[in-house]
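Trainee: Got a structure for you, questions after.
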There are 4 protein chains.
Amino acid sequence: MLQPIPDIKRVGRDHKPDDTIVYVGGVAIGGRRIVTIAGPCAVESAGQMLATARAVKEAGATILRGGVYKPRTSPYSFRGLKDDGLRIIADVKRETGLPMVTEAMDARHLDSVCGHADMIQIGSRNMQNYTLLEEVGKLRMPVLLKRGFSATLEEFLLAAEYIASGGNDQIVLCERGIRTFETSTRNTLDLSAVPILKKLSHLPVIVDPSHGTGIWWLVPSLARAAVAVGADGLLIEVHAAPEQALSDGVQSLRPDKFAVMMAELRRVAMAIDREI
Amino acid sequence: MLQPIPDIKRVGRDHKPDDTIVYVGGVAIGGRRIVTIAGPCAVESAGQMLATARAVKEAGATILRGGVYKPRTSPYSFRGLKDDGLRIIADVKRETGLPMVTEAMDARHLDSVCGHADMIQIGSRNMQNYTLLEEVGKLRMPVLLKRGFSATLEEFLLAAEYIASGGNDQIVLCERGIRTFETSTRNTLDLSAVPILKKLSHLPVIVDPSHGTGIWWLVPSLARAAVAVGADGLLIEVHAAPEQALSDGVQSLRPDKFAVMMAELRRVAMAIDREI
Amino acid sequence: MLQPIPDIKRVGRDHKPDDTIVYVGGVAIGGRRIVTIAGPCAVESAGQMLATARAVKEAGATILRGGVYKPRTSPYSFRGLKDDGLRIIADVKRETGLPMVTEAMDARHLDSVCGHADMIQIGSRNMQNYTLLEEVGKLRMPVLLKRGFSATLEEFLLAAEYIASGGNDQIVLCERGIRTFETSTRNTLDLSAVPILKKLSHLPVIVDPSHGTGIWWLVPSLARAAVAVGADGLLIEVHAAPEQALSDGVQSLRPDKFAVMMAELRRVAMAIDREI
Amino acid sequence: MLQPIPDIKRVGRDHKPDDTIVYVGGVAIGGRRIVTIAGPCAVESAGQMLATARAVKEAGATILRGGVYKPRTSPYSFRGLKDDGLRIIADVKRETGLPMVTEAMDARHLDSVCGHADMIQIGSRNMQNYTLLEEVGKLRMPVLLKRGFSATLEEFLLAAEYIASGGNDQIVLCERGIRTFETSTRNTLDLSAVPILKKLSHLPVIVDPSHGTGIWWLVPSLARAAVAVGADGLLIEVHAAPEQALSDGVQSLRPDKFAVMMAELRRVAMAIDREI
């Protein structure tokens with residue numbers, strides 16, 4: 001059962017009773033408004049990225065996502081456009097005005113990622129990559145820290161503490177499903193994590209139902225649940241043509257389904273005195 | 001990933017495309033109205049039961065719960081009032097007019113449980129007690145079938161099929177948390193189970209956030225999430241004095257907190273065009 | 001980490017420091033000699049059973065296994081020959097002189113099982129079927145209690161305590177694999193369980209590598225490991241024609257492979273000053 | 001169940017049917033002789049390291065272990081002596097003549113680790129740190145790749161493939177326990193992994209029962225089981241004074257217990273026609 005975690009000296013509520021608000025290119029995460037971060041799993045081309053960005057912006061997303069360095073289980077899978085992808089990100093940001101989050105897998109990516117994106121994502125597989133966490137702790141750049149797929153909440157908060165202990169407390173925590181025996185979903189989305197993390201820590205907490213389920217038609221209902229449980233934001237994979245996606249197409253929403261979902265989420269948000 | 005399950009011949013959507021509605025003493029489970037089943041973990045005394053029943057009824061619960069046969073991990077724990085508890089159930093039903101669900105752990109309990117309660121609960125530990133499922137399949141009595149704490153959704157639906165194949169299709173499925181590596185909660189509530197079960201099966205699906213979390217202050221937020229994800233009902237542990245409960249006090253809501261939660265749930269239900 | 005379990009009042013080492021030896025038709029389980037229980041998953045016919053029994057006896061097995069009541073995930077799978085199977089068991093015992101263990105799934109099976117078999121198996125799915133455990137506790141018959149596939153060792157020992165608290169302490173514990181995220185094996189065989197159970201309890205502990213892996217060619221190496229880790233016995237599925245088995249063929253050894261394995265096990269047993 | 005893994009193009013048995021032997025400072029891993037790698041969790045001082053090294057060498061260990069970069073869950077735990085530790089390693093190697101393995105957590109550690117150690121360990125938390133795996137793939141240095149604590153065997157082999165696809169096939173796989181629901185041990189040692197990995201891949205496979213159990217008195221019995229199941233080596237934490245260890249003392253063997261264990265292992269190894 002829930003135990004105090006003495007070592008969360010900076011990310012714990014004891015250190016700072018008030019909620020932290022993290023600003024990403026002018027968008028506040030952690031306040032009354034629930035933030036939607038949307039976009040494709042991977043940046044594949046300028047056209048794909050721009051079409052998706054415009055669609056999700058129109059539907060209400062306020063931050064874009066898209067990976068250019070992709071951690072893939074097999075070395076022979078598509079692993080991202082790297083620098084070419086960062087240039088696309090810069091173009092799409094200029095065109096749409098949306099801030100952007102992308103993943104860095106290595107300390108050596110940080111310079112270029114910081115030069116093009118507005119928020120650095122630390123992915124699940126790197127949640128306990130402590131040397132990377134330390135480097136990110138030295139930056140003054142917002143961080144999206146995803147829970148490891150088998151990390152306890154204590155380990156998750158201590159990973160955030162690695163970053164915060166370096167001086168960077170602009171951290172957003174992201175629940176994205178954990179590994180369990182159940183095989184009908186890619187992961188098991190652990191929505192209890194949201195109220196627990198918010199009780200133990202002052203950091204904002206968002207939810208990724210796309211990775212959390214791995215199945216596109218489950219995303220809207222789990223997104224509604226995430227809003228209802230108290231998440232400060234959502235991370236949603238959207239792709240203009242999921243069946244052609246180079247990765248994770250099966251869990252990506254089409255833009256029209258995304259827009260329908262956003263309308264539903266607005267009503268749920270209002271029901272708990274928030275907005276989206 | 002999600003596979004068809006050929007052997008769910010009677011509980012599968014292919015067999016019956018329309019939603020099944022299960023009637024429990026006049027209360028419909030599976031329709032537009034979300035049903036709240038509430039009450040203590042165990043029937044402890046007539047006074048405790050009646051006080052709790054009146055409080056949950058006033059707050060909007062329409063079915064009572066309370067165990068008289070209690071499966072307990074240790075043989076030396078309180079294991080329920082048995083026949084004395086059934087008599088209390090009969091009295092409380094008469095006083096309040098609420099129908100009642102209680103657990104049967106053994107085929108030999110079925111006669112007396114059917115004589116006093118309106119719905120039989122098959123608990124998580126007995127989800128694969130196949131001889132019990134077969135006996136319950138011969139009855140014409142609504143059944144609340146709880147997911148085993150390590151059962152896949154396929155195993156869960158096949159357990160329901162055991163009951164249905166005997167001729168009893170008045171079955172309500174209940175997600176109540178699964179066993180994972182995470183130790184900050186008693187179980188990990190798997191809310192993805194709700195839309196998956198509803199896609200694969202025509203049976204109503206409810207959620208038990210009390211066992212699903214094991215911590216009373218998590219119950220309201222997870223109950224909101226359960227409503228938002230599409231559950232047809234909730235199973236909530238409420239105790240007039242949780243600190244004196246003979247079992248599960250730590251996960252039981254006080255009546256006043258339960259009433260606050262119900263008001264919140266009404267708003268979330270409206271936001272998805274349902275009511276509670 | 002390992003904690004004392006106050007409620008194992010009768011099965012705990014504190015209650016009885018010396019190892020318990022359980023006698024099954026003259027065969028001692030828990031002494032220096034490691035016992036091999038072998039046979040098919042299910043009794044299918046007199047011919048199949050007798051052929052397998054003779055083969056495993058010749059290779060060194062001293063107790064036969066074979067199910068007549070089969071807990072199956074789907075109601076439409078083969079569920080055992082029931083009374084016809086018990087008659088076959090009686091015949092095969094007479095022919096071979098081997099004692100036999102078979103599963104009871106329900107209190108109502110106990111009379112007939114006790115009349116034909118020498119040891120009652122309580123299967124994994126029934127490890128927390130507490131009314132069944134209580135009935136078995138009233139008997140004076142050896143019990144083979146299999147660990148639930150998601151039971152902690154504490155829950156396992158408390159299940160044994162249910163039986164022992166009724167007065168029957170002729171209990172053999174069986175580790176048979178637990179449910180984890182790993183999908184390449186049917187279960188994950190938890191061999192650490194053996195020395196832990198033997199430290200906490202005076203009861204004999206055996207291992208079932210057939211269910212523990214679900215793959216026949218893994219059985220001999222895991223059986224060697226089970227002997228080396230200190231198990232008091234093995235439970236091995238053997239079938240004269242695995243490809244024709246009505247259940248679990250994929251994890252059953254052919255008699256010739258079983259004989260080769262037994263020869264290997266003898267050498268490992270000698271290396272730790274035991275015999276088989 | 002076990003499926004072919006098409007992407008293990010270089011580490012798969014299809015690519016190379018014969019067992020790979022990895023040479024570490026003249027010691028062959030993967031042949032008939034089972035290799036014992038032993039030493040403290042962390043290099044703490046020259047005295048501690050030398051005392052432990054001499055003791056484990058005398059008892060039969062042929063490779064030393066000891067961490068100087070320590071991945072720790074909390075940023076406030078002892079995280080290794082870093083460069084000072086590497087200098088101690090160099091001294092101890094000179095004194096004892098034993099080759100040494102130590103962990104690199106970051107590509108930036110590789111130069112100095114390669115300059116002092118004979119084998120690079122990639123720890124469990126970095127098993128899917130793909131940029132690190134790629135850098136290690138460019139080296140011509142033996143690698144000890146530990147299974148992630150929640151990695152499937154497929155993911156484990158694909159992590160090895162990352163290294164091999166870069167041209168470095170001097171890889172030793174290490175099973176070190178997986179994360180499950182069981183809490184009495186730190187991890188659940190998955191010994192089935194050994195024969196499965198050896199069937200699918202030509203790489204040597206060793207076992208770490210110290211991390212696999214987290215409890216020192218379980219190490220000898222699980223080490224015996226690892227030898228019996230077919231492991232090519234063992235990784236054992238030994239500390240001259242475990243109660244004063246800066247990390248993992250509770251799972252470290254004293255040198256005298258280690259020597260007793262080695263004598264037992266010799267007998268088990270002989271029983272399966274190997275030596276240690």
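Every chain in the structure tokens takes a letter, A first, then B, and so on in the order presented; its residues are numbered from 1, and the ligands are numbered from 1 following the presented order.
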Please return as a ChimeraX atom specification: the residues of segment 64-210 of chain B that backbone DSSP assigns to strand (DSSP E or B).
Mentor: /B:64-65,67,100-103,119-122,143-146,171-175,178,188,201,205-207
Trainee: Show me, as a ChimeraX atom specification, the residues of chain D whose atoms get within 8 Å of chain A, using only C-alpha atoms for the distance check.
Mentor: /D:7,71,73-76,105-106,125-126,128-131,150,155,158-159,161-162,165,179
Trainee: Which residues of segment 30-115 of chain C sit at most 8 Å from segment 232-244 of chain C, using only C-alpha atoms? Give each one's shortest atom pair and distance in Å (one decimal place), in chain and ascending residue order, as a tab-separated table.
Mentor:
```
residue	atom	partner	partner_atom	distance
C:Gly30	CA	C:Asp232	CA	5.4
C:Gly31	CA	C:Asp232	CA	7.2
C:Arg32	CA	C:Asp232	CA	7.9
C:Arg33	CA	C:Asp232	CA	7.4
C:Ile34	CA	C:Gly233	CA	4.8
C:Val35	CA	C:Gly233	CA	4.3
C:Thr36	CA	C:Leu234	CA	4.9
C:Ile37	CA	C:Leu235	CA	4.8
C:Ala38	CA	C:Ile236	CA	4.7
C:Gly39	CA	C:Val238	CA	4.8
C:Pro40	CA	C:Val238	CA	5.0
C:Cys41	CA	C:Glu237	CA	6.0
C:Gln48	CA	C:Ala240	CA	6.9
C:Ala51	CA	C:Ala240	CA	7.0
C:Thr52	CA	C:Ala240	CA	5.6
C:Val56	CA	C:Val238	CA	7.8
```
Trainee: Those selected residues, please, written with N, CA, C and O atoms and delivered as a compact mmCIF listing (two decimals), in the first residue's frame.
Mentor:
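Once everything was written out, this is part_30.txt:
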```
# COMPACT_ATOMS: atom_id res chain seq x y z
N GLY C 30 8.97 -36.35 0.89
CA GLY C 30 9.56 -35.44 1.87
C GLY C 30 10.82 -35.97 2.52
O GLY C 30 11.45 -35.28 3.31
N GLY C 31 11.21 -37.19 2.16
CA GLY C 31 12.44 -37.76 2.71
C GLY C 31 13.61 -37.58 1.75
O GLY C 31 13.56 -36.76 0.84
N ARG C 32 14.63 -38.39 1.93
CA ARG C 32 15.83 -38.27 1.12
C ARG C 32 15.55 -38.61 -0.35
O ARG C 32 16.15 -38.04 -1.25
N ARG C 33 14.63 -39.55 -0.57
CA ARG C 33 14.34 -39.96 -1.93
C ARG C 33 13.35 -38.98 -2.59
O ARG C 33 12.29 -38.69 -2.03
N ILE C 34 13.73 -38.50 -3.75
CA ILE C 34 12.87 -37.60 -4.52
C ILE C 34 11.85 -38.44 -5.27
O ILE C 34 12.22 -39.43 -5.92
N VAL C 35 10.59 -38.04 -5.15
CA VAL C 35 9.50 -38.87 -5.69
C VAL C 35 9.07 -38.33 -7.06
O VAL C 35 8.94 -37.12 -7.24
N THR C 36 8.85 -39.24 -7.99
CA THR C 36 8.36 -38.82 -9.30
C THR C 36 6.93 -39.30 -9.51
O THR C 36 6.66 -40.50 -9.49
N ILE C 37 6.05 -38.34 -9.68
CA ILE C 37 4.64 -38.61 -9.98
C ILE C 37 4.48 -38.36 -11.47
O ILE C 37 4.80 -37.27 -11.95
N ALA C 38 4.01 -39.35 -12.22
CA ALA C 38 3.95 -39.18 -13.67
C ALA C 38 2.68 -39.79 -14.22
O ALA C 38 2.03 -40.63 -13.59
N GLY C 39 2.32 -39.33 -15.41
CA GLY C 39 1.13 -39.86 -16.07
C GLY C 39 0.54 -38.81 -16.97
O GLY C 39 1.06 -37.69 -17.07
N PRO C 40 -0.55 -39.14 -17.62
CA PRO C 40 -1.14 -38.21 -18.57
C PRO C 40 -1.90 -37.09 -17.86
O PRO C 40 -2.27 -37.23 -16.69
N CYS C 41 -2.13 -36.02 -18.59
CA CYS C 41 -2.98 -34.94 -18.09
C CYS C 41 -4.33 -35.52 -17.70
O CYS C 41 -4.77 -35.38 -16.57
N GLN C 48 -4.81 -46.39 -22.90
CA GLN C 48 -3.86 -45.27 -22.80
C GLN C 48 -3.26 -45.21 -21.40
O GLN C 48 -2.06 -45.05 -21.22
N ALA C 51 -0.89 -48.33 -20.60
CA ALA C 51 0.37 -48.26 -21.34
C ALA C 51 1.29 -47.20 -20.72
O ALA C 51 2.49 -47.43 -20.50
N THR C 52 0.72 -46.05 -20.42
CA THR C 52 1.53 -44.99 -19.83
C THR C 52 2.01 -45.39 -18.44
O THR C 52 3.17 -45.16 -18.07
N VAL C 56 5.95 -45.48 -17.28
CA VAL C 56 6.54 -44.58 -16.28
C VAL C 56 7.02 -45.37 -15.06
O VAL C 56 8.01 -45.00 -14.44
```
Trainee: Figure out the distance between atom CA of Pro6 of chain B and atom CA of Lys138 of chain B, please, to one decimal in Å.
Mentor: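 Those two atoms sit 22.7 Å apart.
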Trainee: Quick one: residues within 8 Å of Arg267 of chain A, only C-alpha atoms, excluding same-chain residues fewer than 3 positions away - as a list in words?
Mentor: Ala263, Glu264, Met270 and Ala271 of chain A; Ala271 and Ile272 of chain B
Trainee: Near Asp169 of chain A, within 12 Å and counting only C-alpha atoms, which residues show up once chain neighbours fewer than 4 positions away are dropped, as a PyMOL selection string?
Mentor: chain A and resi 9-12+15-16+19-23+133+136-145+160-165+173+201-204
Trainee: Quick check, in Å to one decimal: how far apart do atom CA of Asn168 of chain B and atom CA of Ala104 of chain C lie?
Mentor: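 Separating atom CA of Asn168 of chain B from atom CA of Ala104 of chain C is a distance of 25.0 Å.
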Trainee: Need the shell around Val92 of chain C: protein/DNA/RNA residues with any atom at most 9 Å away, counting only C-alpha atoms. Skip same-chain ones fewer than 3 positions apart. Format as a PDB file with all heavy atoms, in the first residue's frame?
Mentor:
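Written file, out10.pdb:
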```
ATOM      1  N   ALA C  46      -8.716 -46.937 -20.864  1.00  0.00           N
ATOM      2  CA  ALA C  46      -7.985 -47.924 -20.080  1.00  0.00           C
ATOM      3  C   ALA C  46      -6.663 -48.257 -20.755  1.00  0.00           C
ATOM      4  O   ALA C  46      -5.616 -48.361 -20.101  1.00  0.00           O
ATOM      5  CB  ALA C  46      -8.841 -49.182 -19.911  1.00  0.00           C
ATOM      6  N   MET C  49      -4.104 -45.396 -20.412  1.00  0.00           N
ATOM      7  CA  MET C  49      -3.662 -45.232 -19.032  1.00  0.00           C
ATOM      8  C   MET C  49      -2.716 -46.355 -18.631  1.00  0.00           C
ATOM      9  O   MET C  49      -1.684 -46.116 -17.993  1.00  0.00           O
ATOM     10  CB  MET C  49      -4.909 -45.226 -18.129  1.00  0.00           C
ATOM     11  CG  MET C  49      -4.666 -44.666 -16.754  1.00  0.00           C
ATOM     12  SD  MET C  49      -4.194 -42.897 -16.786  1.00  0.00           S
ATOM     13  CE  MET C  49      -3.123 -42.866 -15.337  1.00  0.00           C
ATOM     14  N   LEU C  50      -3.066 -47.559 -19.018  1.00  0.00           N
ATOM     15  CA  LEU C  50      -2.256 -48.703 -18.616  1.00  0.00           C
ATOM     16  C   LEU C  50      -0.894 -48.668 -19.324  1.00  0.00           C
ATOM     17  O   LEU C  50       0.156 -48.908 -18.687  1.00  0.00           O
ATOM     18  CB  LEU C  50      -2.994 -50.008 -18.927  1.00  0.00           C
ATOM     19  CG  LEU C  50      -2.398 -51.275 -18.295  1.00  0.00           C
ATOM     20  CD1 LEU C  50      -2.302 -51.147 -16.772  1.00  0.00           C
ATOM     21  CD2 LEU C  50      -3.268 -52.487 -18.646  1.00  0.00           C
ATOM     22  N   ALA C  53       1.130 -45.988 -17.664  1.00  0.00           N
ATOM     23  CA  ALA C  53       1.481 -46.375 -16.294  1.00  0.00           C
ATOM     24  C   ALA C  53       2.651 -47.351 -16.282  1.00  0.00           C
ATOM     25  O   ALA C  53       3.602 -47.206 -15.509  1.00  0.00           O
ATOM     26  CB  ALA C  53       0.264 -46.996 -15.599  1.00  0.00           C
ATOM     27  N   ARG C  87     -13.043 -45.597 -12.503  1.00  0.00           N
ATOM     28  CA  ARG C  87     -12.977 -47.050 -12.645  1.00  0.00           C
ATOM     29  C   ARG C  87     -11.690 -47.475 -13.355  1.00  0.00           C
ATOM     30  O   ARG C  87     -11.058 -48.461 -12.976  1.00  0.00           O
ATOM     31  CB  ARG C  87     -14.210 -47.566 -13.397  1.00  0.00           C
ATOM     32  CG  ARG C  87     -15.426 -47.737 -12.476  1.00  0.00           C
ATOM     33  CD  ARG C  87     -16.596 -48.411 -13.185  1.00  0.00           C
ATOM     34  NE  ARG C  87     -17.196 -47.537 -14.199  1.00  0.00           N
ATOM     35  CZ  ARG C  87     -18.146 -46.634 -13.941  1.00  0.00           C
ATOM     36  NH1 ARG C  87     -18.615 -46.477 -12.711  1.00  0.00           N
ATOM     37  NH2 ARG C  87     -18.639 -45.887 -14.905  1.00  0.00           N
ATOM     38  N   ILE C  88     -11.289 -46.715 -14.326  1.00  0.00           N
ATOM     39  CA  ILE C  88     -10.016 -47.013 -15.001  1.00  0.00           C
ATOM     40  C   ILE C  88      -8.859 -46.892 -14.014  1.00  0.00           C
ATOM     41  O   ILE C  88      -7.951 -47.729 -13.965  1.00  0.00           O
ATOM     42  CB  ILE C  88      -9.814 -46.077 -16.222  1.00  0.00           C
ATOM     43  CG1 ILE C  88     -10.871 -46.391 -17.297  1.00  0.00           C
ATOM     44  CG2 ILE C  88      -8.402 -46.212 -16.788  1.00  0.00           C
ATOM     45  CD1 ILE C  88     -10.874 -45.413 -18.464  1.00  0.00           C
ATOM     46  N   ILE C  89      -8.910 -45.843 -13.203  1.00  0.00           N
ATOM     47  CA  ILE C  89      -7.866 -45.666 -12.188  1.00  0.00           C
ATOM     48  C   ILE C  89      -7.770 -46.901 -11.288  1.00  0.00           C
ATOM     49  O   ILE C  89      -6.673 -47.407 -11.003  1.00  0.00           O
ATOM     50  CB  ILE C  89      -8.153 -44.385 -11.358  1.00  0.00           C
ATOM     51  CG1 ILE C  89      -7.779 -43.149 -12.183  1.00  0.00           C
ATOM     52  CG2 ILE C  89      -7.430 -44.415 -10.029  1.00  0.00           C
ATOM     53  CD1 ILE C  89      -8.031 -41.823 -11.477  1.00  0.00           C
ATOM     54  N   GLU C  95      -3.445 -53.333 -11.603  1.00  0.00           N
ATOM     55  CA  GLU C  95      -2.500 -53.936 -12.549  1.00  0.00           C
ATOM     56  C   GLU C  95      -1.046 -53.583 -12.219  1.00  0.00           C
ATOM     57  O   GLU C  95      -0.153 -54.414 -12.339  1.00  0.00           O
ATOM     58  CB  GLU C  95      -2.779 -53.419 -13.984  1.00  0.00           C
ATOM     59  CG  GLU C  95      -4.041 -53.967 -14.608  1.00  0.00           C
ATOM     60  CD  GLU C  95      -3.831 -55.363 -15.194  1.00  0.00           C
ATOM     61  OE1 GLU C  95      -2.663 -55.738 -15.436  1.00  0.00           O
ATOM     62  OE2 GLU C  95      -4.837 -56.075 -15.384  1.00  0.00           O
ATOM     63  N   THR C  96      -0.825 -52.333 -11.859  1.00  0.00           N
ATOM     64  CA  THR C  96       0.557 -51.855 -11.743  1.00  0.00           C
ATOM     65  C   THR C  96       1.056 -51.792 -10.314  1.00  0.00           C
ATOM     66  O   THR C  96       2.268 -51.721 -10.078  1.00  0.00           O
ATOM     67  CB  THR C  96       0.691 -50.422 -12.310  1.00  0.00           C
ATOM     68  OG1 THR C  96      -0.153 -49.560 -11.540  1.00  0.00           O
ATOM     69  CG2 THR C  96       0.308 -50.366 -13.779  1.00  0.00           C
ATOM     70  N   GLY C  97       0.139 -51.761  -9.355  1.00  0.00           N
ATOM     71  CA  GLY C  97       0.562 -51.597  -7.971  1.00  0.00           C
ATOM     72  C   GLY C  97       0.979 -50.185  -7.607  1.00  0.00           C
ATOM     73  O   GLY C  97       1.433 -49.943  -6.484  1.00  0.00           O
ATOM     74  N   LEU C  98       0.835 -49.249  -8.539  1.00  0.00           N
ATOM     75  CA  LEU C  98       1.229 -47.854  -8.235  1.00  0.00           C
ATOM     76  C   LEU C  98       0.085 -47.106  -7.563  1.00  0.00           C
ATOM     77  O   LEU C  98      -1.061 -47.204  -8.001  1.00  0.00           O
ATOM     78  CB  LEU C  98       1.589 -47.115  -9.525  1.00  0.00           C
ATOM     79  CG  LEU C  98       2.880 -47.502 -10.240  1.00  0.00           C
ATOM     80  CD1 LEU C  98       3.014 -46.691 -11.525  1.00  0.00           C
ATOM     81  CD2 LEU C  98       4.089 -47.275  -9.335  1.00  0.00           C
TER      82      LEU C  98
END
```
Trainee: Considering only C-alpha atoms, return as a list of chain:residue names whatever protein or nucleic-acid residues lie within 7 Å of Gly67 of chain B, sequence-local ones (same chain, fewer than 5 positions apart) excluded.
Mentor: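 The contact residues come out as B:Cys41, B:Ala42, B:Val43, B:Gly80, B:Thr102, B:Glu103.
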Trainee: To one decimal place, how far is atom CA of Ile276 of chain B from atom CA of Asp208 of chain A in Å?
Mentor: 27.9 Å
Trainee: DSSP on the backbone: what in segment 9-240 of chain B comes out alpha helix (DSSP H), as number ranges by chain?
Mentor: B: 46-59, 83-96, 110-116, 130-138, 153-165, 193-200, 209-213, 219-229
Trainee: Give me, as a ChimeraX atom specification, all polymer residues having an atom no more than 12 Å from Ser221 of chain D, counting only C-alpha atoms and skipping those fewer than 5 positions away in the same chain.
Mentor: /C:191-196,198,225-231,272 /D:189,209-210,212-213,215-216,226-228,257-258,260-262,264-265,268
Trainee: Out of A:Phe78, A:Thr183, A:Gly123, A:Ile63, which residue has the shortest atom-to-atom distance to Leu246 of chain A when counting only C-alpha atoms?
Mentor: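 Nearest candidate to Leu246 of chain A out of A:Phe78, A:Thr183, A:Gly123, A:Ile63: A:Phe78.
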